[in-house]
Amino acid sequence: MPWRTSAPRVLIRQLREVMARPDDSQARLNRIVKLIAANMVAEVSSIYVCHGDGSLELFATEGLRQEAVHKTRLARSEGLVGLIAERGQPISLRHAQSHPAFSYKPETGEESYRSFLGVPILRGGRALGVLTVQNAIEREYEQDEVEALQTTAMVLAEVLASGAMLNGALGPDPKRALSQTVEGATLSDGIALGHVVFHEPRIAITRLVSDDPARETARLEEALGELKQSLDGLLTHAELSRAGAHRDILEAYRMFANDQGWAKRLKESIAAGLTAEAAVERVHVDMRVKIAGGGPSSDRFLHDLDDLANRMQRILAGRSGTAASGELPKDAIVVARHMGAAELLDYDRERLRGVIIEDCGHSSHVAIVARALGVAAIGQTHGLFDMVEPNNPVVLDAEAGKLHIRPSLEVIKAFADKVRARSKRQAQYERLRDVPAVTQDKVRVSLLMNAGLTMDLQQFRDSGADGIGLYRTELQFMIASTYPTIAQQAQAYGAVLDAAEDRPVTFRALDVGGDKILPYLNHQHEENPALGWRAIRMSLDRPGLFRTQIRAMLKAARGRTLRVMAPFITDVAECRQAKALIEREMERLSKIGEPAPERVQFGAMIEVPSVVWQLPELLPLVDFISIGSNDLLQFFYAADRENPRVSARFDALSPASMRMLKTIVDQADAHGKPATVCGEMAGKPLEAMALVGLGFRSLSMAPASLGPVKAMLLSLNARHLAAALKTMVDAGEPELRRKLNEYCAANDVNIPRKDAVIAEAPAPREGEPSVSVH
Ligand code: PEP
Ligand code: MG
């Protein structure tokens, strides 16, 4: 007999009454199974509880023999009950005994019951136990009944998780109690020890059942409305409206949020007696179970589902914003699925030790900002959210691209060794600080620093860099809530020039659009923002913005040299126009008789392949060029730098990119125009070595890369390498990276290895206590 929608509500109310009685645990469970059997019109209802080792124990039953309670035990994955716990999915059978997984336990007397329905008792994605009903006759359980039993199991999960009635039966979740190591890709070098904070905090549900479905439905509808509105807002103009992966994710959320089926199921769960929050959790767990196990694309889908449910919970709890706006521990290691550069800048630098961003490539802007802040960071850590809980102690070894979760003492000891080795290496780099970067064969390479925030200036003073090769002016704009005034901009640029004293500084004109959105600048939605209205395109269409910035730079650089370059030049005409706008501002100064810079040098960034074929026209127009290899290679290889799934598909160290870069440096040399590489490859020792081998003599990088790159240069014979590299590139060497590594080993070129000083986490031992790190 199928249930009516109100039936589970009645059961849930009765369950609550049972919970409120001052019974002991066993009496309470006995009452619960009685109630379930009566409500489900079943002869049998039983509760099995999972132990830490995965086995399941019969804890209470109505209908099976009472002697079996606390005696019947099924090993991990044994029987139908074991299968349900393992898969986290319901099983409904007309004739249980004929299922291959059926395991007969004679002490229970279950041979008289044919039909069987069992559902997992899930909490936070983990099975705490299994709830079953059985009937003597052969019958089909209807979908409504399966759902009703699942809803009941959800309430039961809270009862079990409260632990009071289990006498410690429920062991720790083996997955979440042991030491584990997750591998990822280094985004920003460094080692950090601390405690996990979720960027988008999870909300714990405390109120599960409600007697007032009308009120809960109204709360749900209001929250759904708010969710849709916030997603639309993010997609149209807010700072999260970024390119590629971020946008796809938001679109996927919007699709879910507008899904009528989802809303309907939420409402049904409320009608069954749950609160709005519990309904979100209930439907979420259910959808998760249905989707899980379908490979990488289903994993991606699961992330989106988790995020959406969490967003809904935050709205229902009346909490908004990321962890940055709340109370952070002193040693926060922030864990995020995705994060924008501006969001990272929101964190209190004093408390932020490290960041892990699942969806993030090395050249994405948040990674660049992490490097600028000197915060250890890794990305592309698959499955991390299933392993880690807020507040877990962790060791983030960004140097090796690893996160040690709940580290064991062995790992902590090994980690201490690694920190010592690292500080020894840092001390060596420190000693190189004032040593000029000259190769063994006396080739001087200018090592410059990339910067963009005032806090970079202290690092610049201590860095021993020959100058600032790329000052990303947009970072100041990205952290401001309104467009900075000329005076504010001039003050910031002046501070950079003061800090540099007589070392050169190259300012890059505003490079926004694409993945760098200013919240206060109305930006139209674009299907393909990386190829859209951005950087110099925006500046030329809105010359007012560009001229304001140039005016501020001219003011800041009075009596000194101003070096400014235009980003994202695609056509030589853009270069001419940008240069003309600068000249116009210079003329204006002389007309009004205001002091001007002693000299203005104008450069173009080479970031789009089309411009490589216009160098003969472009080079005579400029004083220098700077190669933005992050963008140049993303367009060259048609691989989104923000999307780790594709950004790692090509290797910058391959004959194709080497040939293109060689073309650029050769033509710049022929025109007597200096060429700097300021993309991320310039800061990686092996790539930097290849660039020097191609003929580049100026490299600009994050401050932490200066030491390793200088150490490499001091041990290198540039001409010898150039000849070897030419041979490899001319031959179209398919394994250029490996060959270059071999070259280093054979010629004693000092390339820091991603050494494995730190021992692997020992194999997890069942029940091993987690170790705190302080
Ligand atoms: C580049 O594209 O290589 C570059 C230096 O600019 P950004 O990373 O800021 O886009
Ligand atoms: Mg760029």
# chains A, B, ... in the order shown; residues from 1 in each chain; ligands from 1
>>> closest_atom_pairs(of="chain A", to="ligand 2", cutoff="8 Å", atoms="only C-alpha atoms and all ligand atoms", output="CSV")
residue,atom,partner,partner_atom_place_in_ligand_line,distance
A:Asp511,CA,ligand 2,1 (Mg),7.7
A:Pro567,CA,ligand 2,1 (Mg),6.8
A:Phe568,CA,ligand 2,1 (Mg),6.6
A:Glu607,CA,ligand 2,1 (Mg),6.1
A:Gly628,CA,ligand 2,1 (Mg),5.2
A:Ser629,CA,ligand 2,1 (Mg),7.4
A:Asn630,CA,ligand 2,1 (Mg),6.0
A:Asp631,CA,ligand 2,1 (Mg),4.8
A:Leu632,CA,ligand 2,1 (Mg),7.5
A:Gly679,CA,ligand 2,1 (Mg),7.5
>>> write_last_selection(atoms="N, CA and C atoms", output="mmCIF file, in the first residue's frame")
data_model
loop_
_atom_site.group_PDB
_atom_site.id
_atom_site.type_symbol
_atom_site.label_atom_id
_atom_site.label_comp_id
_atom_site.auth_asym_id
_atom_site.auth_seq_id
_atom_site.Cartn_x
_atom_site.Cartn_y
_atom_site.Cartn_z
ATOM 1 N N ASP A 511 45.117 46.479 -17.317
ATOM 2 C CA ASP A 511 44.831 45.253 -18.056
ATOM 3 C C ASP A 511 43.627 44.592 -17.406
ATOM 4 N N PRO A 567 49.185 46.514 -22.686
ATOM 5 C CA PRO A 567 48.950 45.067 -22.702
ATOM 6 C C PRO A 567 48.105 44.627 -23.889
ATOM 7 N N PHE A 568 48.263 43.412 -24.312
ATOM 8 C CA PHE A 568 47.338 42.752 -25.216
ATOM 9 C C PHE A 568 47.221 43.413 -26.582
ATOM 10 N N GLU A 607 51.560 39.417 -26.391
ATOM 11 C CA GLU A 607 50.734 38.428 -25.693
ATOM 12 C C GLU A 607 49.771 37.721 -26.627
ATOM 13 N N GLY A 628 54.416 38.590 -22.626
ATOM 14 C CA GLY A 628 53.484 38.033 -21.635
ATOM 15 C C GLY A 628 53.212 36.597 -22.030
ATOM 16 N N SER A 629 54.091 35.709 -21.583
ATOM 17 C CA SER A 629 54.009 34.329 -22.084
ATOM 18 C C SER A 629 52.756 33.606 -21.596
ATOM 19 N N ASN A 630 52.157 34.082 -20.500
ATOM 20 C CA ASN A 630 50.945 33.386 -20.023
ATOM 21 C C ASN A 630 49.850 33.487 -21.077
ATOM 22 N N ASP A 631 49.606 34.715 -21.527
ATOM 23 C CA ASP A 631 48.579 34.892 -22.549
ATOM 24 C C ASP A 631 49.068 34.396 -23.906
ATOM 25 N N LEU A 632 50.317 34.735 -24.226
ATOM 26 C CA LEU A 632 50.819 34.361 -25.544
ATOM 27 C C LEU A 632 50.670 32.844 -25.771
ATOM 28 N N GLY A 679 56.125 36.677 -18.253
ATOM 29 C CA GLY A 679 55.107 35.680 -17.891
ATOM 30 C C GLY A 679 55.707 34.692 -16.889
#
>>> select_by_dssp(residues="segment 340-480 of chain A", states="alpha helix (DSSP H)", output="short mmCIF file (atom, residue, chain, number, x, y, z; two decimals) with all heavy atoms, in the first residue's frame")
data_model
loop_
_atom_site.label_atom_id
_atom_site.label_comp_id
_atom_site.auth_asym_id
_atom_site.auth_seq_id
_atom_site.Cartn_x
_atom_site.Cartn_y
_atom_site.Cartn_z
N ALA A 341 41.06 36.20 -7.87
CA ALA A 341 42.20 36.93 -7.30
C ALA A 341 41.73 37.92 -6.23
O ALA A 341 42.33 38.04 -5.16
CB ALA A 341 42.94 37.64 -8.41
N ALA A 342 40.63 38.62 -6.52
CA ALA A 342 40.17 39.64 -5.57
C ALA A 342 39.73 38.98 -4.26
O ALA A 342 39.93 39.53 -3.18
CB ALA A 342 39.00 40.41 -6.18
N GLU A 343 39.17 37.78 -4.35
CA GLU A 343 38.72 37.09 -3.13
C GLU A 343 39.92 36.70 -2.26
O GLU A 343 39.84 36.74 -1.04
CB GLU A 343 37.94 35.83 -3.49
CG GLU A 343 36.58 36.12 -4.09
CD GLU A 343 35.91 34.84 -4.52
OE1 GLU A 343 36.37 34.25 -5.52
OE2 GLU A 343 34.95 34.44 -3.88
N LEU A 344 41.02 36.33 -2.90
CA LEU A 344 42.21 35.97 -2.13
C LEU A 344 42.73 37.21 -1.39
O LEU A 344 43.15 37.15 -0.24
CB LEU A 344 43.29 35.38 -3.05
CG LEU A 344 44.60 34.98 -2.37
CD1 LEU A 344 44.35 33.97 -1.24
CD2 LEU A 344 45.58 34.38 -3.36
N LEU A 345 42.65 38.34 -2.06
CA LEU A 345 43.14 39.57 -1.45
C LEU A 345 42.29 40.00 -0.25
O LEU A 345 42.73 40.80 0.56
CB LEU A 345 43.17 40.70 -2.50
CG LEU A 345 44.25 40.54 -3.57
CD1 LEU A 345 44.03 41.50 -4.72
CD2 LEU A 345 45.64 40.75 -2.97
N HIS A 365 45.10 34.05 -12.47
CA HIS A 365 45.46 35.26 -11.72
C HIS A 365 45.49 35.07 -10.22
O HIS A 365 46.29 35.68 -9.54
CB HIS A 365 44.57 36.43 -12.14
CG HIS A 365 45.07 37.02 -13.42
ND1 HIS A 365 44.48 36.74 -14.62
CD2 HIS A 365 46.16 37.78 -13.67
CE1 HIS A 365 45.19 37.33 -15.57
NE2 HIS A 365 46.20 37.98 -15.03
N VAL A 366 44.64 34.16 -9.74
CA VAL A 366 44.67 33.97 -8.29
C VAL A 366 46.01 33.33 -7.91
O VAL A 366 46.58 33.64 -6.85
CB VAL A 366 43.44 33.15 -7.80
CG1 VAL A 366 43.41 31.77 -8.35
CG2 VAL A 366 43.37 33.13 -6.30
N ALA A 367 46.56 32.49 -8.77
CA ALA A 367 47.88 31.89 -8.51
C ALA A 367 48.95 32.98 -8.54
O ALA A 367 49.87 33.00 -7.71
CB ALA A 367 48.18 30.82 -9.54
N ILE A 368 48.82 33.90 -9.47
CA ILE A 368 49.79 34.99 -9.57
C ILE A 368 49.73 35.85 -8.31
O ILE A 368 50.76 36.22 -7.73
CB ILE A 368 49.51 35.82 -10.84
CG1 ILE A 368 49.89 34.99 -12.08
CG2 ILE A 368 50.27 37.14 -10.83
CD1 ILE A 368 49.48 35.60 -13.41
N VAL A 369 48.52 36.10 -7.84
CA VAL A 369 48.38 36.91 -6.62
C VAL A 369 48.95 36.15 -5.42
O VAL A 369 49.63 36.72 -4.57
CB VAL A 369 46.91 37.34 -6.40
CG1 VAL A 369 46.71 37.95 -5.03
CG2 VAL A 369 46.47 38.31 -7.48
N ALA A 370 48.70 34.83 -5.36
CA ALA A 370 49.26 34.05 -4.24
C ALA A 370 50.78 34.17 -4.24
O ALA A 370 51.40 34.34 -3.18
CB ALA A 370 48.84 32.59 -4.36
N ARG A 371 51.39 34.13 -5.41
CA ARG A 371 52.85 34.26 -5.48
C ARG A 371 53.26 35.66 -5.04
O ARG A 371 54.23 35.84 -4.33
CB ARG A 371 53.36 33.95 -6.88
CG ARG A 371 53.26 32.47 -7.23
CD ARG A 371 54.06 32.11 -8.46
NE ARG A 371 53.41 32.48 -9.69
CZ ARG A 371 52.44 31.77 -10.29
NH1 ARG A 371 52.00 30.66 -9.72
NH2 ARG A 371 51.91 32.16 -11.42
N ALA A 372 52.48 36.66 -5.49
CA ALA A 372 52.81 38.04 -5.12
C ALA A 372 52.72 38.21 -3.60
O ALA A 372 53.51 38.93 -2.99
CB ALA A 372 51.87 39.02 -5.81
N LEU A 373 51.77 37.52 -2.99
CA LEU A 373 51.61 37.65 -1.53
C LEU A 373 52.61 36.75 -0.79
O LEU A 373 52.73 36.85 0.42
CB LEU A 373 50.20 37.23 -1.12
CG LEU A 373 49.02 38.07 -1.61
CD1 LEU A 373 47.71 37.44 -1.17
CD2 LEU A 373 49.11 39.49 -1.09
N LEU A 409 53.21 11.68 13.00
CA LEU A 409 54.43 12.24 13.58
C LEU A 409 55.62 12.12 12.64
O LEU A 409 56.46 13.01 12.55
CB LEU A 409 54.75 11.54 14.89
CG LEU A 409 53.96 12.08 16.08
CD1 LEU A 409 54.22 11.24 17.31
CD2 LEU A 409 54.31 13.54 16.35
N GLU A 410 55.66 11.00 11.89
CA GLU A 410 56.77 10.80 10.94
C GLU A 410 56.79 11.91 9.91
O GLU A 410 57.84 12.44 9.56
CB GLU A 410 56.62 9.46 10.19
CG GLU A 410 56.85 8.22 11.00
CD GLU A 410 55.55 7.68 11.57
OE1 GLU A 410 54.67 8.50 11.93
OE2 GLU A 410 55.42 6.45 11.69
N VAL A 411 55.60 12.25 9.42
CA VAL A 411 55.53 13.31 8.39
C VAL A 411 55.96 14.65 9.00
O VAL A 411 56.70 15.41 8.39
CB VAL A 411 54.11 13.40 7.79
CG1 VAL A 411 53.96 14.65 6.95
CG2 VAL A 411 53.85 12.17 6.93
N ILE A 412 55.50 14.88 10.22
CA ILE A 412 55.86 16.16 10.83
C ILE A 412 57.38 16.26 11.01
O ILE A 412 57.98 17.29 10.74
CB ILE A 412 55.12 16.35 12.17
CG1 ILE A 412 53.63 16.46 11.86
CG2 ILE A 412 55.60 17.58 12.92
CD1 ILE A 412 52.76 16.45 13.07
N LYS A 413 57.99 15.13 11.40
CA LYS A 413 59.45 15.14 11.59
C LYS A 413 60.14 15.39 10.25
O LYS A 413 61.05 16.20 10.15
CB LYS A 413 59.91 13.82 12.19
CG LYS A 413 59.80 13.83 13.71
CD LYS A 413 60.67 12.71 14.28
CE LYS A 413 59.95 12.02 15.42
NZ LYS A 413 59.58 10.64 15.19
N ALA A 414 59.69 14.66 9.24
CA ALA A 414 60.29 14.81 7.92
C ALA A 414 60.09 16.24 7.40
O ALA A 414 60.96 16.82 6.75
CB ALA A 414 59.68 13.81 6.95
N PHE A 415 58.95 16.76 7.74
CA PHE A 415 58.63 18.11 7.31
C PHE A 415 59.60 19.12 7.95
O PHE A 415 60.07 20.05 7.31
CB PHE A 415 57.17 18.39 7.69
CG PHE A 415 56.81 19.83 7.78
CD1 PHE A 415 56.59 20.57 6.63
CD2 PHE A 415 56.70 20.44 9.01
CE1 PHE A 415 56.26 21.90 6.72
CE2 PHE A 415 56.38 21.77 9.10
CZ PHE A 415 56.16 22.50 7.96
N ALA A 416 59.91 18.89 9.23
CA ALA A 416 60.85 19.77 9.91
C ALA A 416 62.20 19.74 9.19
O ALA A 416 62.85 20.77 9.00
CB ALA A 416 61.00 19.35 11.37
N ASP A 417 62.61 18.53 8.73
CA ASP A 417 63.87 18.41 7.97
C ASP A 417 63.78 19.23 6.69
O ASP A 417 64.72 19.89 6.29
CB ASP A 417 64.11 16.95 7.55
CG ASP A 417 64.50 16.10 8.73
OD1 ASP A 417 64.83 16.68 9.77
OD2 ASP A 417 64.43 14.85 8.59
N LYS A 418 62.62 19.14 6.07
CA LYS A 418 62.47 19.83 4.78
C LYS A 418 62.52 21.35 5.00
O LYS A 418 63.11 22.07 4.20
CB LYS A 418 61.15 19.43 4.14
CG LYS A 418 60.98 20.07 2.79
CD LYS A 418 60.08 19.27 1.90
CE LYS A 418 60.04 19.91 0.53
NZ LYS A 418 59.40 19.10 -0.46
N VAL A 419 61.90 21.78 6.08
CA VAL A 419 61.93 23.22 6.37
C VAL A 419 63.37 23.67 6.59
O VAL A 419 63.80 24.71 6.10
CB VAL A 419 61.04 23.56 7.59
CG1 VAL A 419 61.26 24.98 8.07
CG2 VAL A 419 59.58 23.35 7.22
N ARG A 420 64.14 22.82 7.30
CA ARG A 420 65.56 23.16 7.53
C ARG A 420 66.30 23.24 6.20
O ARG A 420 67.05 24.18 5.95
CB ARG A 420 66.21 22.15 8.47
CG ARG A 420 66.09 22.56 9.93
CD ARG A 420 67.00 21.70 10.81
NE ARG A 420 66.59 20.30 10.82
CZ ARG A 420 65.64 19.82 11.63
NH1 ARG A 420 65.05 20.62 12.48
NH2 ARG A 420 65.30 18.56 11.59
N ALA A 421 66.07 22.25 5.34
CA ALA A 421 66.76 22.23 4.04
C ALA A 421 66.36 23.46 3.23
O ALA A 421 67.19 24.09 2.56
CB ALA A 421 66.38 20.96 3.27
N ARG A 422 65.10 23.81 3.35
CA ARG A 422 64.60 24.96 2.61
C ARG A 422 65.23 26.25 3.12
O ARG A 422 65.66 27.09 2.34
CB ARG A 422 63.09 25.00 2.78
CG ARG A 422 62.41 25.84 1.81
CD ARG A 422 60.91 25.78 2.04
NE ARG A 422 60.34 27.04 1.58
CZ ARG A 422 60.05 27.29 0.33
NH1 ARG A 422 60.23 26.39 -0.59
NH2 ARG A 422 59.58 28.46 -0.02
N SER A 423 65.32 26.37 4.46
CA SER A 423 65.91 27.62 4.94
C SER A 423 67.38 27.70 4.59
O SER A 423 67.92 28.78 4.34
CB SER A 423 65.68 27.87 6.44
OG SER A 423 65.34 26.73 7.09
N LYS A 424 68.04 26.51 4.51
CA LYS A 424 69.44 26.51 4.09
C LYS A 424 69.54 27.05 2.65
O LYS A 424 70.40 27.88 2.33
CB LYS A 424 69.98 25.08 4.14
CG LYS A 424 71.40 25.00 4.64
CD LYS A 424 71.73 23.60 5.06
CE LYS A 424 72.76 23.01 4.10
NZ LYS A 424 72.94 21.60 4.26
N ARG A 425 68.61 26.56 1.81
CA ARG A 425 68.61 27.01 0.42
C ARG A 425 68.30 28.49 0.33
O ARG A 425 68.93 29.24 -0.40
CB ARG A 425 67.56 26.20 -0.35
CG ARG A 425 68.11 25.65 -1.60
CD ARG A 425 67.21 24.74 -2.36
NE ARG A 425 65.81 24.93 -2.21
CZ ARG A 425 64.96 23.96 -1.88
NH1 ARG A 425 65.43 22.77 -1.62
NH2 ARG A 425 63.68 24.18 -1.80
N GLN A 426 67.32 28.92 1.17
CA GLN A 426 66.97 30.35 1.16
C GLN A 426 68.17 31.18 1.56
O GLN A 426 68.42 32.25 1.01
CB GLN A 426 65.80 30.66 2.13
CG GLN A 426 64.49 30.02 1.75
CD GLN A 426 63.92 30.55 0.45
OE1 GLN A 426 64.57 31.27 -0.27
NE2 GLN A 426 62.71 30.18 0.12
N ALA A 427 68.92 30.66 2.56
CA ALA A 427 70.09 31.41 3.03
C ALA A 427 71.11 31.52 1.89
O ALA A 427 71.77 32.55 1.72
CB ALA A 427 70.70 30.72 4.24
N GLN A 428 71.22 30.43 1.11
CA GLN A 428 72.15 30.48 -0.04
C GLN A 428 71.68 31.54 -1.04
O GLN A 428 72.49 32.34 -1.53
CB GLN A 428 72.20 29.13 -0.75
CG GLN A 428 73.10 28.13 -0.06
CD GLN A 428 72.77 26.70 -0.51
OE1 GLN A 428 71.96 26.48 -1.40
NE2 GLN A 428 73.42 25.74 0.14
N TYR A 429 70.39 31.57 -1.30
CA TYR A 429 69.85 32.57 -2.23
C TYR A 429 70.08 33.97 -1.66
O TYR A 429 70.40 34.91 -2.38
CB TYR A 429 68.35 32.36 -2.47
CG TYR A 429 68.00 31.07 -3.16
CD1 TYR A 429 66.81 30.41 -2.89
CD2 TYR A 429 68.87 30.50 -4.09
CE1 TYR A 429 66.48 29.22 -3.53
CE2 TYR A 429 68.54 29.31 -4.72
CZ TYR A 429 67.36 28.68 -4.43
OH TYR A 429 67.05 27.51 -5.07
N GLU A 430 69.89 34.07 -0.37
CA GLU A 430 70.09 35.35 0.33
C GLU A 430 71.52 35.85 0.07
O GLU A 430 71.74 37.02 -0.22
CB GLU A 430 69.87 35.07 1.82
CG GLU A 430 69.75 36.26 2.72
CD GLU A 430 68.52 37.09 2.40
OE1 GLU A 430 67.54 36.58 1.81
OE2 GLU A 430 68.58 38.27 2.72
N ARG A 431 72.48 34.91 0.15
CA ARG A 431 73.88 35.30 -0.08
C ARG A 431 74.10 35.75 -1.52
O ARG A 431 75.02 36.53 -1.79
CB ARG A 431 74.81 34.13 0.27
CG ARG A 431 75.07 34.00 1.76
CD ARG A 431 76.30 33.15 2.05
NE ARG A 431 76.12 31.76 1.67
CZ ARG A 431 75.47 30.86 2.43
NH1 ARG A 431 74.97 31.21 3.60
NH2 ARG A 431 75.34 29.62 2.02
N LEU A 432 73.25 35.25 -2.42
CA LEU A 432 73.41 35.63 -3.84
C LEU A 432 72.78 36.99 -4.13
O LEU A 432 72.92 37.51 -5.23
CB LEU A 432 72.74 34.59 -4.75
CG LEU A 432 73.28 33.18 -4.72
CD1 LEU A 432 72.50 32.30 -5.71
CD2 LEU A 432 74.76 33.16 -5.09
N ASP A 456 54.29 44.59 -2.07
CA ASP A 456 55.41 44.02 -2.82
C ASP A 456 56.67 44.86 -2.65
O ASP A 456 57.78 44.40 -2.89
CB ASP A 456 55.10 43.98 -4.32
CG ASP A 456 54.03 42.97 -4.66
OD1 ASP A 456 53.87 42.01 -3.91
OD2 ASP A 456 53.36 43.17 -5.70
N LEU A 457 56.47 46.14 -2.28
CA LEU A 457 57.62 47.04 -2.32
C LEU A 457 58.69 46.67 -1.30
O LEU A 457 59.88 46.78 -1.57
CB LEU A 457 57.17 48.50 -2.15
CG LEU A 457 56.22 48.95 -3.27
CD1 LEU A 457 55.81 50.40 -3.08
CD2 LEU A 457 56.86 48.75 -4.64
N GLN A 458 58.24 46.21 -0.12
CA GLN A 458 59.23 45.80 0.87
C GLN A 458 60.05 44.64 0.32
O GLN A 458 61.28 44.63 0.40
CB GLN A 458 58.52 45.39 2.17
CG GLN A 458 59.45 45.09 3.33
CD GLN A 458 60.47 46.21 3.56
OE1 GLN A 458 60.13 47.40 3.57
NE2 GLN A 458 61.73 45.83 3.69
N GLN A 459 59.34 43.70 -0.30
CA GLN A 459 60.02 42.55 -0.89
C GLN A 459 61.01 43.01 -1.95
O GLN A 459 62.09 42.49 -2.10
CB GLN A 459 59.01 41.62 -1.55
CG GLN A 459 58.47 40.59 -0.61
CD GLN A 459 57.53 39.66 -1.35
OE1 GLN A 459 56.64 40.11 -2.05
NE2 GLN A 459 57.72 38.38 -1.17
N PHE A 460 60.59 44.04 -2.71
CA PHE A 460 61.44 44.54 -3.79
C PHE A 460 62.73 45.10 -3.21
O PHE A 460 63.83 44.81 -3.70
CB PHE A 460 60.67 45.63 -4.56
CG PHE A 460 61.47 46.25 -5.67
CD1 PHE A 460 62.13 45.46 -6.59
CD2 PHE A 460 61.57 47.62 -5.79
CE1 PHE A 460 62.87 46.02 -7.62
CE2 PHE A 460 62.30 48.20 -6.80
CZ PHE A 460 62.96 47.40 -7.72
N ARG A 461 62.59 45.86 -2.09
CA ARG A 461 63.80 46.43 -1.48
C ARG A 461 64.77 45.31 -1.08
O ARG A 461 65.96 45.44 -1.22
CB ARG A 461 63.41 47.24 -0.23
CG ARG A 461 62.76 48.55 -0.59
CD ARG A 461 62.62 49.46 0.63
NE ARG A 461 61.74 50.56 0.27
CZ ARG A 461 60.43 50.60 0.56
NH1 ARG A 461 59.87 49.64 1.24
NH2 ARG A 461 59.71 51.62 0.16
N ASP A 462 64.21 44.19 -0.58
CA ASP A 462 65.07 43.11 -0.08
C ASP A 462 65.48 42.12 -1.16
O ASP A 462 66.23 41.19 -0.89
CB ASP A 462 64.32 42.30 1.00
CG ASP A 462 63.85 43.18 2.14
OD1 ASP A 462 64.45 44.25 2.31
OD2 ASP A 462 62.89 42.78 2.83
N SER A 463 64.97 42.28 -2.35
CA SER A 463 65.08 41.18 -3.32
C SER A 463 66.39 41.13 -4.10
O SER A 463 66.77 40.11 -4.60
CB SER A 463 63.95 41.29 -4.34
OG SER A 463 64.19 42.43 -5.17
N GLU A 474 46.59 46.88 -12.47
CA GLU A 474 45.17 46.58 -12.22
C GLU A 474 44.90 46.02 -10.83
O GLU A 474 43.78 46.08 -10.34
CB GLU A 474 44.61 45.62 -13.27
CG GLU A 474 45.22 44.24 -13.31
CD GLU A 474 46.51 44.19 -14.12
OE1 GLU A 474 46.95 45.25 -14.60
OE2 GLU A 474 47.08 43.11 -14.25
N LEU A 475 45.95 45.50 -10.16
CA LEU A 475 45.68 44.92 -8.83
C LEU A 475 45.15 46.00 -7.88
O LEU A 475 44.25 45.75 -7.09
CB LEU A 475 46.92 44.24 -8.25
CG LEU A 475 47.38 42.99 -8.99
CD1 LEU A 475 48.54 42.32 -8.26
CD2 LEU A 475 46.27 41.97 -9.19
N GLN A 476 45.70 47.21 -7.98
CA GLN A 476 45.21 48.32 -7.15
C GLN A 476 43.72 48.58 -7.46
O GLN A 476 42.93 48.87 -6.56
CB GLN A 476 46.03 49.58 -7.42
CG GLN A 476 45.68 50.72 -6.46
CD GLN A 476 46.11 52.09 -6.96
OE1 GLN A 476 46.65 52.24 -8.06
NE2 GLN A 476 45.89 53.10 -6.15
N PHE A 477 43.37 48.46 -8.71
CA PHE A 477 41.98 48.70 -9.11
C PHE A 477 41.07 47.56 -8.65
O PHE A 477 39.91 47.76 -8.33
CB PHE A 477 41.87 48.82 -10.64
CG PHE A 477 42.49 50.08 -11.19
CD1 PHE A 477 43.87 50.24 -11.21
CD2 PHE A 477 41.71 51.10 -11.68
CE1 PHE A 477 44.45 51.39 -11.72
CE2 PHE A 477 42.28 52.27 -12.20
CZ PHE A 477 43.66 52.41 -12.22
N MET A 478 41.65 46.36 -8.62
CA MET A 478 40.82 45.20 -8.26
C MET A 478 40.49 45.18 -6.78
O MET A 478 39.46 44.64 -6.38
CB MET A 478 41.53 43.90 -8.66
CG MET A 478 41.41 43.61 -10.14
SD MET A 478 42.61 42.39 -10.69
CE MET A 478 41.93 40.89 -10.04
N ILE A 479 41.37 45.73 -5.93
CA ILE A 479 41.05 45.68 -4.50
C ILE A 479 40.27 46.91 -4.05
O ILE A 479 39.78 46.95 -2.94
CB ILE A 479 42.30 45.47 -3.61
CG1 ILE A 479 43.39 46.48 -3.93
CG2 ILE A 479 42.82 44.08 -3.73
CD1 ILE A 479 44.60 46.36 -3.01
#
>>> closest_residue(among="A:Gly63, A:Gly54, A:Gly340, A:Gly354", to="Leu187 of chain A", atoms="only C-alpha atoms")
A:Gly354
>>> atom_distance(atom1="atom CA of Leu618 of chain A", atom2="atom CA of Ala702 of chain A")
27.8 Å
>>> residues_around(residues="segment 65-82 of chain A", least_positions_apart="6", cutoff="8 Å", atoms="only C-alpha atoms", output="short mmCIF file (atom, residue, chain, number, x, y, z; two decimals) with C-alpha atoms, in the first residue's frame")
data_model
loop_
_atom_site.label_atom_id
_atom_site.label_comp_id
_atom_site.auth_asym_id
_atom_site.auth_seq_id
_atom_site.Cartn_x
_atom_site.Cartn_y
_atom_site.Cartn_z
CA TYR A 48 22.06 -1.78 11.47
CA ASP A 53 36.02 -1.26 10.49
CA GLY A 54 33.05 -1.13 8.09
CA SER A 55 31.17 -4.06 9.64
CA LEU A 56 27.47 -3.68 10.44
CA GLU A 57 25.72 -4.73 13.62
CA LEU A 58 22.01 -5.27 14.08
CA PHE A 59 21.12 -2.68 16.73
CA ILE A 91 17.98 -1.55 -2.58
CA ALA A 101 24.40 -10.66 -2.41
CA PHE A 102 21.84 -12.06 0.05
CA SER A 103 23.57 -13.44 3.12
CA TYR A 104 21.48 -15.68 5.34
CA LYS A 105 21.75 -15.14 9.09
CA GLU A 107 19.63 -16.40 14.16
CA THR A 108 17.40 -13.64 12.79
CA GLY A 109 14.61 -15.87 11.50
CA GLY A 118 16.85 -1.03 2.68
CA VAL A 130 21.30 0.91 7.22
#
